[in-house]
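Asks: File entry.cif follows (mmCIF, C-alpha atoms):
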data_data
loop_
_atom_site.label_atom_id
_atom_site.label_comp_id
_atom_site.auth_asym_id
_atom_site.auth_seq_id
_atom_site.Cartn_x
_atom_site.Cartn_y
_atom_site.Cartn_z
CA MET A 273 60.43 27.31 220.09
CA SER A 274 57.11 27.14 221.83
CA GLY A 275 58.46 27.53 225.34
CA GLY A 276 57.35 24.00 226.11
CA LEU A 277 59.31 21.00 227.21
CA ASP A 278 60.00 19.47 223.79
CA SER A 279 61.36 22.53 221.99
CA ALA A 280 63.54 23.36 225.03
CA THR A 281 65.03 19.88 224.82
CA ALA A 282 65.49 20.16 221.05
CA LEU A 283 67.44 23.38 221.60
CA ALA A 284 69.61 21.64 224.19
CA CYS A 285 70.31 18.87 221.65
CA ALA A 286 71.31 21.44 219.01
CA ARG A 287 73.62 23.17 221.49
CA GLU A 288 75.10 19.80 222.55
CA ALA A 289 75.80 19.04 218.88
CA GLY A 290 77.81 22.26 218.66
CA PHE A 291 75.40 24.50 216.78
CA THR A 292 75.16 28.24 217.20
CA CYS A 293 71.43 28.76 217.58
CA CYS A 294 68.97 31.33 216.30
CA CYS A 295 65.67 30.44 217.99
CA LEU A 296 62.38 31.11 216.27
CA SER A 297 59.06 31.49 218.06
CA PHE A 298 55.66 32.39 216.69
CA ASP A 299 53.05 34.74 217.98
CA TYR A 300 50.17 33.12 216.14
CA GLY A 301 47.16 34.22 218.10
CA GLN A 302 47.59 31.72 220.92
CA ARG A 303 45.15 32.26 223.72
CA HIS A 304 47.95 33.30 226.05
CA ARG A 305 51.44 34.73 225.67
CA PHE A 306 53.04 32.94 228.63
CA GLU A 307 54.63 30.50 226.25
CA LEU A 308 56.48 33.26 224.36
CA ASP A 309 57.89 34.54 227.66
CA ALA A 310 58.90 30.99 228.51
CA ALA A 311 60.59 30.59 225.11
CA ALA A 312 62.69 33.71 225.68
CA ARG A 313 63.78 32.48 229.11
CA VAL A 314 64.67 29.02 227.79
CA ALA A 315 66.63 30.47 224.85
CA ALA A 316 68.69 32.59 227.25
CA GLN A 317 69.24 29.76 229.72
CA LEU A 318 70.54 27.41 227.02
CA GLY A 319 72.89 29.93 225.42
CA ALA A 320 71.10 30.66 222.13
CA ASP A 321 72.66 33.52 220.17
CA GLU A 322 69.35 34.97 219.12
CA HIS A 323 65.61 34.64 219.67
CA ARG A 324 63.25 35.90 216.98
CA VAL A 325 59.50 36.12 217.26
CA VAL A 326 57.49 36.15 214.03
CA SER A 327 53.87 37.29 214.24
CA ILE A 328 51.37 35.45 212.11
CA ASP A 329 47.69 35.78 212.70
CA LEU A 330 46.42 32.22 212.33
CA ARG A 331 43.16 33.34 213.97
CA ALA A 332 42.30 34.71 210.52
CA ILE A 333 42.00 31.11 209.34
CA GLY A 334 40.65 29.63 212.60
CA GLY A 335 39.75 26.00 213.12
CA SER A 336 41.54 25.22 216.39
CA ALA A 337 40.88 25.24 220.15
CA LEU A 338 44.26 26.94 220.55
CA THR A 339 43.35 29.97 218.45
CA ASP A 340 39.53 30.00 218.49
CA ASP A 341 36.81 29.92 221.10
CA ILE A 342 36.55 26.15 220.79
CA PRO A 343 36.87 24.71 224.36
CA VAL A 344 40.19 23.06 225.23
CA PRO A 345 39.32 19.43 226.05
CA LYS A 346 39.81 18.42 229.68
CA GLY A 347 40.10 15.09 231.41
CA GLY A 348 43.79 14.38 231.04
CA GLU A 349 43.26 11.48 228.70
CA ILE A 350 44.89 11.42 225.31
CA ALA A 351 42.06 10.94 222.88
CA SER A 352 42.56 8.98 219.69
CA GLY A 353 42.44 10.76 216.33
CA ILE A 354 43.32 14.36 215.59
CA PRO A 355 42.44 16.52 218.63
CA ALA A 356 40.63 19.87 218.90
CA THR A 357 43.98 21.50 219.71
CA TYR A 358 45.26 20.65 216.23
CA VAL A 359 46.03 23.93 214.43
CA PRO A 360 45.54 23.50 210.68
CA ALA A 361 48.90 23.23 208.90
CA ARG A 362 50.76 24.66 211.91
CA ASN A 363 54.10 22.90 211.54
CA LEU A 364 53.93 23.33 207.77
CA VAL A 365 53.61 27.08 208.27
CA PHE A 366 56.19 27.24 211.06
CA LEU A 367 58.80 25.19 209.20
CA SER A 368 58.22 27.27 206.07
CA VAL A 369 58.98 30.48 207.95
CA ALA A 370 61.94 28.73 209.60
CA ALA A 371 63.30 27.84 206.15
CA GLY A 372 63.03 31.49 205.09
CA CYS A 373 64.73 32.58 208.30
CA ALA A 374 67.46 29.96 207.93
CA GLU A 375 68.09 31.15 204.39
CA VAL A 376 68.50 34.73 205.58
CA VAL A 377 70.87 33.92 208.45
CA GLY A 378 72.80 31.44 206.29
CA ALA A 379 71.81 28.36 208.28
CA GLN A 380 71.41 24.95 206.73
CA ASP A 381 70.17 23.12 209.82
CA ILE A 382 66.69 23.47 211.31
CA PHE A 383 65.83 21.78 214.59
CA ILE A 384 62.23 21.08 215.57
CA GLY A 385 61.01 19.28 218.68
CA VAL A 386 58.32 17.16 217.05
CA ASN A 387 57.61 13.79 218.56
CA ALA A 388 55.84 10.86 217.00
CA VAL A 389 55.92 8.47 219.96
CA ASP A 390 53.71 10.21 222.48
CA TYR A 391 51.67 10.67 219.32
CA SER A 392 48.72 12.91 220.03
CA GLY A 393 47.24 12.66 216.58
CA TYR A 394 49.06 15.55 214.92
CA PRO A 395 49.84 14.65 211.31
CA ASP A 396 52.57 17.30 211.15
CA CYS A 397 54.70 15.55 213.80
CA ARG A 398 55.38 12.46 211.70
CA PRO A 399 58.64 11.60 209.90
CA GLU A 400 56.78 11.30 206.56
CA PHE A 401 55.75 14.92 206.86
CA ILE A 402 59.23 16.12 207.82
CA ALA A 403 60.78 14.34 204.82
CA ALA A 404 58.18 15.77 202.45
CA PHE A 405 58.69 19.24 203.89
CA VAL A 406 62.47 19.12 203.31
CA ALA A 407 61.87 18.21 199.66
CA ALA A 408 59.44 21.13 199.26
CA ALA A 409 61.76 23.60 201.02
CA ASN A 410 64.69 22.55 198.90
CA ALA A 411 62.66 22.91 195.70
CA GLY A 412 61.22 26.30 196.64
CA THR A 413 64.09 28.35 198.06
CA ARG A 414 67.33 29.89 196.92
CA ALA A 415 69.17 27.84 199.56
CA GLY A 416 67.75 24.65 198.12
CA VAL A 417 68.23 25.51 194.45
CA GLU A 418 71.59 27.28 194.57
CA GLY A 419 73.02 26.12 197.87
CA ARG A 420 73.41 22.96 199.84
CA GLY A 421 69.80 22.76 200.88
CA PHE A 422 68.23 22.32 204.27
CA ARG A 423 68.38 19.58 206.85
CA VAL A 424 65.57 19.30 209.37
CA HIS A 425 66.70 17.67 212.60
CA THR A 426 64.11 15.99 214.79
CA PRO A 427 66.18 14.74 217.73
CA LEU A 428 63.08 13.89 219.79
CA ILE A 429 60.99 12.22 217.13
CA ALA A 430 61.59 8.66 218.37
CA MET A 431 61.78 9.39 222.10
CA SER A 432 59.13 8.79 224.73
CA LYS A 433 58.24 11.81 226.85
CA ALA A 434 60.27 10.24 229.69
CA GLU A 435 63.32 9.89 227.42
CA ILE A 436 62.94 13.51 226.33
CA ILE A 437 62.90 14.65 229.95
CA ARG A 438 65.89 12.49 230.90
CA THR A 439 67.79 13.82 227.87
CA GLY A 440 67.00 17.43 228.72
CA ALA A 441 67.85 16.95 232.39
CA ARG A 442 71.22 15.49 231.38
CA LEU A 443 71.86 18.45 229.05
CA GLY A 444 71.01 21.03 231.71
CA VAL A 445 67.52 22.16 230.66
CA ASP A 446 65.81 24.00 233.50
CA TYR A 447 62.28 22.67 233.01
CA SER A 448 60.89 25.06 235.59
CA LEU A 449 61.28 27.73 232.86
CA THR A 450 59.14 25.82 230.37
CA GLN A 451 55.41 26.13 229.85
CA SER A 452 53.31 23.26 228.47
CA CYS A 453 49.77 23.91 229.69
CA TYR A 454 47.10 24.65 227.08
CA ASP A 455 44.96 26.49 229.61
CA PRO A 456 47.05 28.23 232.31
CA ASP A 457 45.62 30.57 234.92
CA GLU A 458 46.06 34.34 234.85
CA ARG A 459 49.57 34.03 236.29
CA GLY A 460 50.66 31.41 233.76
CA ARG A 461 50.41 28.46 236.16
CA ALA A 462 49.52 25.06 234.76
CA CYS A 463 45.96 23.72 235.01
CA GLY A 464 47.07 20.14 235.60
CA ALA A 465 44.04 18.87 233.69
CA CYS A 466 44.54 19.40 229.96
CA ALA A 467 46.03 16.75 227.68
CA SER A 468 49.35 18.60 227.57
CA CYS A 469 49.61 18.76 231.38
CA ALA A 470 48.73 15.06 231.60
CA ILE A 471 51.43 14.04 229.11
CA ARG A 472 54.01 16.24 230.83
CA ARG A 473 53.23 14.96 234.33
CA ARG A 474 53.33 11.35 233.26
CA GLY A 475 56.68 12.03 231.54
CA PHE A 476 58.31 13.30 234.70
CA GLU A 477 56.93 10.35 236.66
CA GLU A 478 58.22 7.82 234.15
CA ALA A 479 61.58 9.60 233.82
CA GLY A 480 62.09 9.56 237.57
CA VAL A 481 62.88 13.28 237.38
CA GLU A 482 61.34 15.68 239.88
CA ASP A 483 58.53 17.70 238.24
CA PRO A 484 59.28 21.41 238.72
CA THR A 485 55.97 22.51 237.14
CA VAL A 486 54.15 25.26 239.02
CA TYR A 487 50.47 24.36 239.19
CA GLY A 488 47.74 26.95 239.77
CA ARG A 489 45.25 27.06 242.61
CA GLY A 490 42.61 24.43 242.16
CA ALA A 491 44.70 22.55 239.63
CA ARG A 492 44.57 18.79 239.62
CA ARG A 493 47.91 17.99 241.29
CA PRO A 494 50.12 14.96 240.81
CA MET B 251 46.00 37.14 195.87
CA SER B 252 48.61 39.80 195.56
CA GLY B 253 46.46 42.30 193.73
CA GLY B 254 48.67 41.92 190.68
CA LEU B 255 47.89 40.79 187.20
CA ASP B 256 48.68 37.10 187.60
CA SER B 257 46.65 36.34 190.73
CA ALA B 258 43.69 38.29 189.30
CA THR B 259 43.83 36.08 186.20
CA ALA B 260 44.18 32.93 188.33
CA LEU B 261 41.03 33.92 190.21
CA ALA B 262 39.22 34.44 186.91
CA CYS B 263 40.31 30.94 185.83
CA ALA B 264 38.99 29.44 189.08
CA ARG B 265 35.67 31.24 188.65
CA GLU B 266 35.49 30.13 185.00
CA ALA B 267 36.03 26.52 186.16
CA GLY B 268 32.99 26.88 188.42
CA PHE B 269 34.66 27.23 191.81
CA THR B 270 33.25 29.23 194.71
CA CYS B 271 36.26 31.25 195.79
CA CYS B 272 37.69 32.27 199.15
CA CYS B 273 40.57 34.60 198.28
CA LEU B 274 43.62 34.82 200.51
CA SER B 275 45.99 37.77 200.65
CA PHE B 276 48.95 38.41 202.91
CA ASP B 277 50.00 41.50 204.74
CA TYR B 278 53.65 40.50 205.08
CA GLY B 279 55.41 43.76 205.63
CA GLN B 280 55.39 44.84 202.00
CA ARG B 281 56.64 48.33 201.52
CA HIS B 282 53.23 49.51 200.48
CA ARG B 283 49.66 48.41 201.04
CA PHE B 284 48.29 49.42 197.63
CA GLU B 285 48.42 45.83 196.52
CA LEU B 286 46.10 44.71 199.34
CA ASP B 287 43.58 47.35 198.31
CA ALA B 288 43.92 46.15 194.73
CA ALA B 289 43.36 42.54 195.83
CA ALA B 290 40.11 43.46 197.58
CA ARG B 291 38.86 45.31 194.49
CA VAL B 292 39.76 42.44 192.18
CA ALA B 293 38.13 39.84 194.46
CA ALA B 294 34.91 41.85 194.44
CA GLN B 295 34.99 42.47 190.69
CA LEU B 296 35.40 38.77 189.89
CA GLY B 297 32.69 37.56 192.27
CA ALA B 298 34.72 35.91 195.01
CA ASP B 299 32.64 34.86 198.02
CA GLU B 300 35.23 35.92 200.54
CA HIS B 301 38.54 37.75 200.85
CA ARG B 302 40.74 37.03 203.84
CA VAL B 303 43.93 38.87 204.74
CA VAL B 304 46.44 37.07 206.95
CA SER B 305 49.12 39.17 208.61
CA ILE B 306 52.59 37.69 208.81
CA ASP B 307 55.57 39.82 209.63
CA LEU B 308 58.21 38.55 207.22
CA ARG B 309 60.26 41.66 208.04
CA ALA B 310 61.29 39.77 211.18
CA ILE B 311 63.28 37.43 208.95
CA GLY B 312 64.33 40.01 206.35
CA GLY B 313 66.45 39.28 203.30
CA SER B 314 64.44 40.91 200.51
CA ALA B 315 64.14 44.22 198.71
CA LEU B 316 60.36 43.90 199.09
CA THR B 317 60.44 43.82 202.90
CA ASP B 318 63.80 45.41 203.79
CA ASP B 319 65.64 48.61 202.98
CA ILE B 320 67.46 46.90 200.11
CA PRO B 321 66.92 49.07 196.97
CA VAL B 322 64.46 47.75 194.38
CA PRO B 323 66.50 47.28 191.20
CA LYS B 324 65.63 49.62 188.32
CA GLY B 325 66.31 49.56 184.63
CA GLY B 326 63.41 47.43 183.43
CA GLU B 327 65.59 44.54 182.38
CA ILE B 328 64.96 41.09 183.76
CA ALA B 329 68.26 40.04 185.28
CA SER B 330 69.34 36.42 185.29
CA GLY B 331 69.49 34.48 188.53
CA ILE B 332 67.42 35.03 191.66
CA PRO B 333 66.60 38.75 192.02
CA ALA B 334 66.78 41.08 195.03
CA THR B 335 62.98 41.10 195.16
CA TYR B 336 62.99 37.38 195.99
CA VAL B 337 61.40 36.97 199.45
CA PRO B 338 62.88 33.92 201.19
CA ALA B 339 60.44 31.00 201.15
CA ARG B 340 57.51 33.28 200.27
CA ASN B 341 55.34 30.92 198.26
CA LEU B 342 56.21 28.09 200.64
CA VAL B 343 54.86 30.18 203.52
CA PHE B 344 51.86 31.48 201.56
CA LEU B 345 50.83 28.05 200.26
CA SER B 346 51.23 26.61 203.76
CA VAL B 347 48.82 29.16 205.20
CA ALA B 348 46.53 28.58 202.21
CA ALA B 349 46.50 24.85 203.00
CA GLY B 350 45.50 25.60 206.60
CA CYS B 351 42.82 27.97 205.40
CA ALA B 352 41.55 25.48 202.82
CA GLU B 353 41.33 22.84 205.51
CA VAL B 354 39.24 25.14 207.71
CA VAL B 355 36.80 26.16 204.97
CA GLY B 356 36.61 22.61 203.64
CA ALA B 357 38.26 23.35 200.30
CA GLN B 358 40.36 20.85 198.43
CA ASP B 359 41.46 23.10 195.61
CA ILE B 360 44.05 25.86 195.91
CA PHE B 361 44.73 28.20 192.99
CA ILE B 362 47.97 30.16 192.75
CA GLY B 363 49.06 32.43 189.93
CA VAL B 364 52.66 31.32 189.68
CA ASN B 365 54.29 31.44 186.30
CA ALA B 366 57.42 29.67 185.14
CA VAL B 367 57.61 31.04 181.59
CA ASP B 368 58.31 34.71 182.17
CA TYR B 369 60.67 33.17 184.71
CA SER B 370 62.20 35.85 186.88
CA GLY B 371 64.40 33.52 188.84
CA TYR B 372 61.99 32.65 191.64
CA PRO B 373 62.52 29.01 192.64
CA ASP B 374 59.07 28.88 194.26
CA CYS B 375 57.28 29.46 190.94
CA ARG B 376 58.43 26.21 189.35
CA PRO B 377 56.30 23.06 188.86
CA GLU B 378 58.85 20.99 190.81
CA PHE B 379 58.22 23.13 193.84
CA ILE B 380 54.43 23.00 193.51
CA ALA B 381 54.48 19.19 193.30
CA ALA B 382 56.76 18.91 196.32
CA PHE B 383 54.56 21.30 198.25
CA VAL B 384 51.41 19.26 197.58
CA ALA B 385 53.16 16.16 198.92
CA ALA B 386 54.22 18.02 202.08
CA ALA B 387 50.77 19.54 202.62
CA ASN B 388 49.08 16.19 202.20
CA ALA B 389 51.48 14.56 204.68
CA GLY B 390 51.15 17.29 207.27
CA THR B 391 47.47 18.16 207.52
CA ARG B 392 44.24 16.54 208.61
CA ALA B 393 42.84 17.11 205.13
CA GLY B 394 45.73 15.18 203.62
CA VAL B 395 45.80 12.35 206.14
CA GLU B 396 42.08 11.82 206.74
CA GLY B 397 40.53 13.47 203.71
CA ARG B 398 40.99 13.58 199.99
CA GLY B 399 44.05 15.81 200.12
CA PHE B 400 44.80 19.04 198.34
CA ARG B 401 45.18 19.94 194.70
CA VAL B 402 47.19 23.02 193.80
CA HIS B 403 46.08 24.52 190.49
CA THR B 404 48.53 26.67 188.57
CA PRO B 405 46.54 27.70 185.50
CA LEU B 406 49.14 30.28 184.43
CA ILE B 407 52.29 28.26 184.96
CA ALA B 408 52.91 27.55 181.29
CA MET B 409 51.56 30.82 179.85
CA SER B 410 53.55 33.77 178.59
CA LYS B 411 52.61 37.12 180.12
CA ALA B 412 50.81 37.97 176.88
CA GLU B 413 48.78 34.75 177.09
CA ILE B 414 47.90 35.52 180.70
CA ILE B 415 46.63 38.95 179.71
CA ARG B 416 44.65 37.64 176.75
CA THR B 417 43.12 34.94 179.01
CA GLY B 418 42.18 37.45 181.68
CA ALA B 419 40.79 39.91 179.15
CA ARG B 420 38.62 37.11 177.69
CA LEU B 421 37.39 36.19 181.21
CA GLY B 422 36.50 39.76 182.09
CA VAL B 423 39.35 40.78 184.38
CA ASP B 424 39.47 44.55 184.79
CA TYR B 425 43.24 45.01 184.79
CA SER B 426 42.91 48.67 185.69
CA LEU B 427 42.12 47.41 189.22
CA THR B 428 45.37 45.44 189.48
CA GLN B 429 48.66 46.65 190.88
CA SER B 430 51.98 45.17 189.78
CA CYS B 431 54.59 47.85 190.50
CA TYR B 432 57.25 47.11 193.11
CA ASP B 433 57.81 50.80 193.77
CA PRO B 434 54.63 52.86 193.29
CA ASP B 435 54.34 56.55 194.13
CA GLU B 436 52.46 57.89 197.15
CA ARG B 437 49.14 57.53 195.30
CA GLY B 438 49.84 53.95 194.25
CA ARG B 439 50.66 54.80 190.63
CA ALA B 440 53.15 52.58 188.81
CA CYS B 441 56.80 53.65 188.42
CA GLY B 442 57.12 52.21 184.92
CA ALA B 443 60.75 51.34 185.60
CA CYS B 444 60.95 48.30 187.90
CA ALA B 445 61.24 44.74 186.59
CA SER B 446 57.58 44.08 187.39
CA CYS B 447 56.41 47.17 185.42
CA ALA B 448 58.63 46.16 182.51
CA ILE B 449 57.22 42.62 182.37
CA ARG B 450 53.66 43.90 182.65
CA ARG B 451 54.05 46.55 179.94
CA ARG B 452 55.67 44.14 177.53
CA GLY B 453 52.83 41.67 178.21
CA PHE B 454 50.14 44.14 177.18
CA GLU B 455 52.11 45.05 174.06
CA GLU B 456 52.56 41.43 173.03
CA ALA B 457 48.95 40.56 173.87
CA GLY B 458 47.65 43.40 171.72
CA VAL B 459 45.50 44.49 174.67
CA GLU B 460 45.32 48.13 175.69
CA ASP B 461 47.36 48.74 178.85
CA PRO B 462 45.09 50.37 181.46
CA THR B 463 47.93 50.88 183.95
CA VAL B 464 48.00 54.28 185.63
CA TYR B 465 51.60 55.53 185.67
CA GLY B 466 52.84 58.16 188.11
CA ARG B 467 54.34 61.53 187.30
CA GLY B 468 57.86 61.13 186.03
CA ALA B 469 57.35 57.44 185.36
CA ARG B 470 58.96 55.93 182.31
CA ARG B 471 55.98 55.63 180.00
CA PRO B 472 55.39 53.10 177.26
#
Please, can you express the file's structure as structure tokens?
Replies:
Amino acid sequence: MSGGLDSATALACAREAGFTCCCLSFDYGQRHRFELDAAARVAAQLGADEHRVVSIDLRAIGGSALTDDIPVPKGGEIASGIPATYVPARNLVFLSVAAGCAEVVGAQDIFIGVNAVDYSGYPDCRPEFIAAFVAAANAGTRAGVEGRGFRVHTPLIAMSKAEIIRTGARLGVDYSLTQSCYDPDERGRACGACASCAIRRRGFEEAGVEDPTVYGRGARRP
Amino acid sequence: MSGGLDSATALACAREAGFTCCCLSFDYGQRHRFELDAAARVAAQLGADEHRVVSIDLRAIGGSALTDDIPVPKGGEIASGIPATYVPARNLVFLSVAAGCAEVVGAQDIFIGVNAVDYSGYPDCRPEFIAAFVAAANAGTRAGVEGRGFRVHTPLIAMSKAEIIRTGARLGVDYSLTQSCYDPDERGRACGACASCAIRRRGFEEAGVEDPTVYGRGARRP
């Protein structure tokens, strides 16, 4: 759970489907920790049983605007290709830890809020990757070899951002608790200008749902 | 690189094959840090260009004698089934971070010292897992989607422990620098009694290579 809009909605889908939820967030050397605070608030609001934070220092490998001193691109447009905010192997690493965690808590079902429609060029948000990951996790863990194996649920993978927001609104997600901005101000308020802010804002507009995002001073407003 | 015998030998194989090597070790909440010190010494001895240590707190997920307060089994016998020292999804997590690291440094080749012959019940040391992992890494990374993709080399996978030791001895590995024991004393000396010590000792015997391991006081000696 990143604390953003998609993972909050994925949690709501898991709760709606009747699952008891252990949420997993990562402290991976993000530039700001507002999203971890947001994740904790969202987990509590949606009735998760547990929220674990695993620290992994992806800065030691570098290569991303989200963990390095590479500038976060501005302009609000979604560029083609793999963006500077791509973190090498991020979902591969995160799902791997999730599989270990699931094995320990005795869970078979892993939910992840990846989305391949509002595709921003991240290879690790595609169904081909998810399917290949499940095969690897089932080959490389006790749960896969001795048990029933893992299922990875991607309830949002075929939804537009507007559909995600409508789904979450219907399931009671309080989006004012979520945090999407790549480059918030010192109080955690959204910049309104990064690619993530642009996608989020457009989603609320297209969903016809009021945007509860708190923008910072000087932010580009809707 | 764990600092143990196998990863030291895998590094020697990579160097022998002509690769420039960036070594990757993990600080994952092991009970002791002697193995990270050993890894740094081995990397230097074998001429690696770089040695990176990535911190990941696998204690937050628990479930293993190597990261929890579960007792490390003694007796020196290799039990059947998956042992208490199994760390959930460990090689899945480690290879995932390695893929991210490889992507950043522009490497296509990942070496890992897994071994399926002296099989201790770890599902993530089997060729089936390695093949499935490569497919997942190639589906979920920029290097896989836009580039030539990864190769994972497992030079030791079909070797007995004795063959590994003979190979490493031939390639100049100084095994006195390596650390295999699951339960060393306060100075990092081997206990001589855990499953890992037993496998290592038997390997030197069968290889006909002198065992340079430093055993602690009161350790069960060869």
Asks: Would you kindly return, as number ranges by chain, each protein, DNA or RNA residue with an atom no farther than 12 Å from any atom of Phe400 in chain B, considering all atoms listed in the file and excluding same-chain residues fewer than 4 positions away?
Replies: B: 345-346, 348-353, 356-361, 380-381, 383-396
Asks: Just to confirm, what's the straight-line distance from CA of Arg474 in chain A to CA of Ala280 in chain A in Å (one decimal)?
Replies: 17.8 Å
Asks: Which residues are close to Gly475 in chain A, i.e. within 10 Å by only C-alpha atoms, leaving aside same-chain residues fewer than 5 positions away? Reply as a ChimeraX atom specification.
Replies: /A:390,432-438,469-470,480-481,483
Asks: Find the residues around Val347 in chain B up to 12 Å (only C-alpha atoms counted), leave out those fewer than 5 positions away in its own chain, and share them as a PDB file with C-alpha atoms, in the frame of the given file.
Replies:
ATOM      1  CA  TYR A 300      50.170  33.120 216.140  1.00  0.00           C
ATOM      2  CA  ILE A 328      51.370  35.450 212.110  1.00  0.00           C
ATOM      3  CA  ASP A 329      47.690  35.780 212.700  1.00  0.00           C
ATOM      4  CA  LEU A 330      46.420  32.220 212.330  1.00  0.00           C
ATOM      5  CA  ARG A 331      43.160  33.340 213.970  1.00  0.00           C
ATOM      6  CA  ALA A 332      42.300  34.710 210.520  1.00  0.00           C
ATOM      7  CA  ILE A 333      42.000  31.110 209.340  1.00  0.00           C
ATOM      8  CA  GLY A 334      40.650  29.630 212.600  1.00  0.00           C
ATOM      9  CA  VAL A 359      46.030  23.930 214.430  1.00  0.00           C
ATOM     10  CA  PRO A 360      45.540  23.500 210.680  1.00  0.00           C
ATOM     11  CA  ALA A 361      48.900  23.230 208.900  1.00  0.00           C
ATOM     12  CA  ARG A 362      50.760  24.660 211.910  1.00  0.00           C
ATOM     13  CA  ASN A 363      54.100  22.900 211.540  1.00  0.00           C
ATOM     14  CA  LEU A 364      53.930  23.330 207.770  1.00  0.00           C
ATOM     15  CA  VAL A 365      53.610  27.080 208.270  1.00  0.00           C
ATOM     16  CA  PHE A 366      56.190  27.240 211.060  1.00  0.00           C
ATOM     17  CA  LEU A 367      58.800  25.190 209.200  1.00  0.00           C
ATOM     18  CA  SER A 368      58.220  27.270 206.070  1.00  0.00           C
ATOM     19  CA  VAL A 369      58.980  30.480 207.950  1.00  0.00           C
TER      20      VAL A 369
ATOM     21  CA  LEU B 274      43.620  34.820 200.510  1.00  0.00           C
ATOM     22  CA  SER B 275      45.990  37.770 200.650  1.00  0.00           C
ATOM     23  CA  PHE B 276      48.950  38.410 202.910  1.00  0.00           C
ATOM     24  CA  ARG B 302      40.740  37.030 203.840  1.00  0.00           C
ATOM     25  CA  VAL B 303      43.930  38.870 204.740  1.00  0.00           C
ATOM     26  CA  VAL B 304      46.440  37.070 206.950  1.00  0.00           C
ATOM     27  CA  SER B 305      49.120  39.170 208.610  1.00  0.00           C
ATOM     28  CA  ILE B 306      52.590  37.690 208.810  1.00  0.00           C
ATOM     29  CA  ARG B 340      57.510  33.280 200.270  1.00  0.00           C
ATOM     30  CA  ASN B 341      55.340  30.920 198.260  1.00  0.00           C
ATOM     31  CA  LEU B 342      56.210  28.090 200.640  1.00  0.00           C
ATOM     32  CA  ALA B 352      41.550  25.480 202.820  1.00  0.00           C
ATOM     33  CA  GLU B 353      41.330  22.840 205.510  1.00  0.00           C
ATOM     34  CA  VAL B 354      39.240  25.140 207.710  1.00  0.00           C
ATOM     35  CA  ILE B 360      44.050  25.860 195.910  1.00  0.00           C
ATOM     36  CA  PHE B 383      54.560  21.300 198.250  1.00  0.00           C
ATOM     37  CA  ALA B 387      50.770  19.540 202.620  1.00  0.00           C
ATOM     38  CA  THR B 391      47.470  18.160 207.520  1.00  0.00           C
TER      39      THR B 391
END
Asks: Mind giving me the straight-line distance from CA of Leu296 in chain B to CA of Arg467 in chain B in Å, one decimal?
Replies: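 These atoms are spaced 29.7 Å apart.
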Asks: Please enumerate the residues selected by the PyMOL selection byres ((chain A and resi 453) around 10) when evaluated against the supplied file, formatted as JSON, numbers by chain.
Replies: {"A": [276, 306, 307, 450, 451, 452, 454, 455, 456, 457, 460, 461, 462, 463, 464, 465, 466, 467, 468, 469, 470, 472, 485, 487]}
Asks: Using only C-alpha atoms, which protein or nucleic acid residues come within 10 Å of Leu261 in chain B? Drop anything in the same chain fewer than 5 positions from it, and give the result as a list in words.
Replies: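 Answer for this query is Met251, Asp256, Glu266, Ala267, Phe269, Cys271, Cys272, Cys273, Val292, Ala293, Leu296, Gly297, Ala298, Phe361, Ile362, Gly363, Pro405, Gly418, Leu421 and Val423 of chain B.
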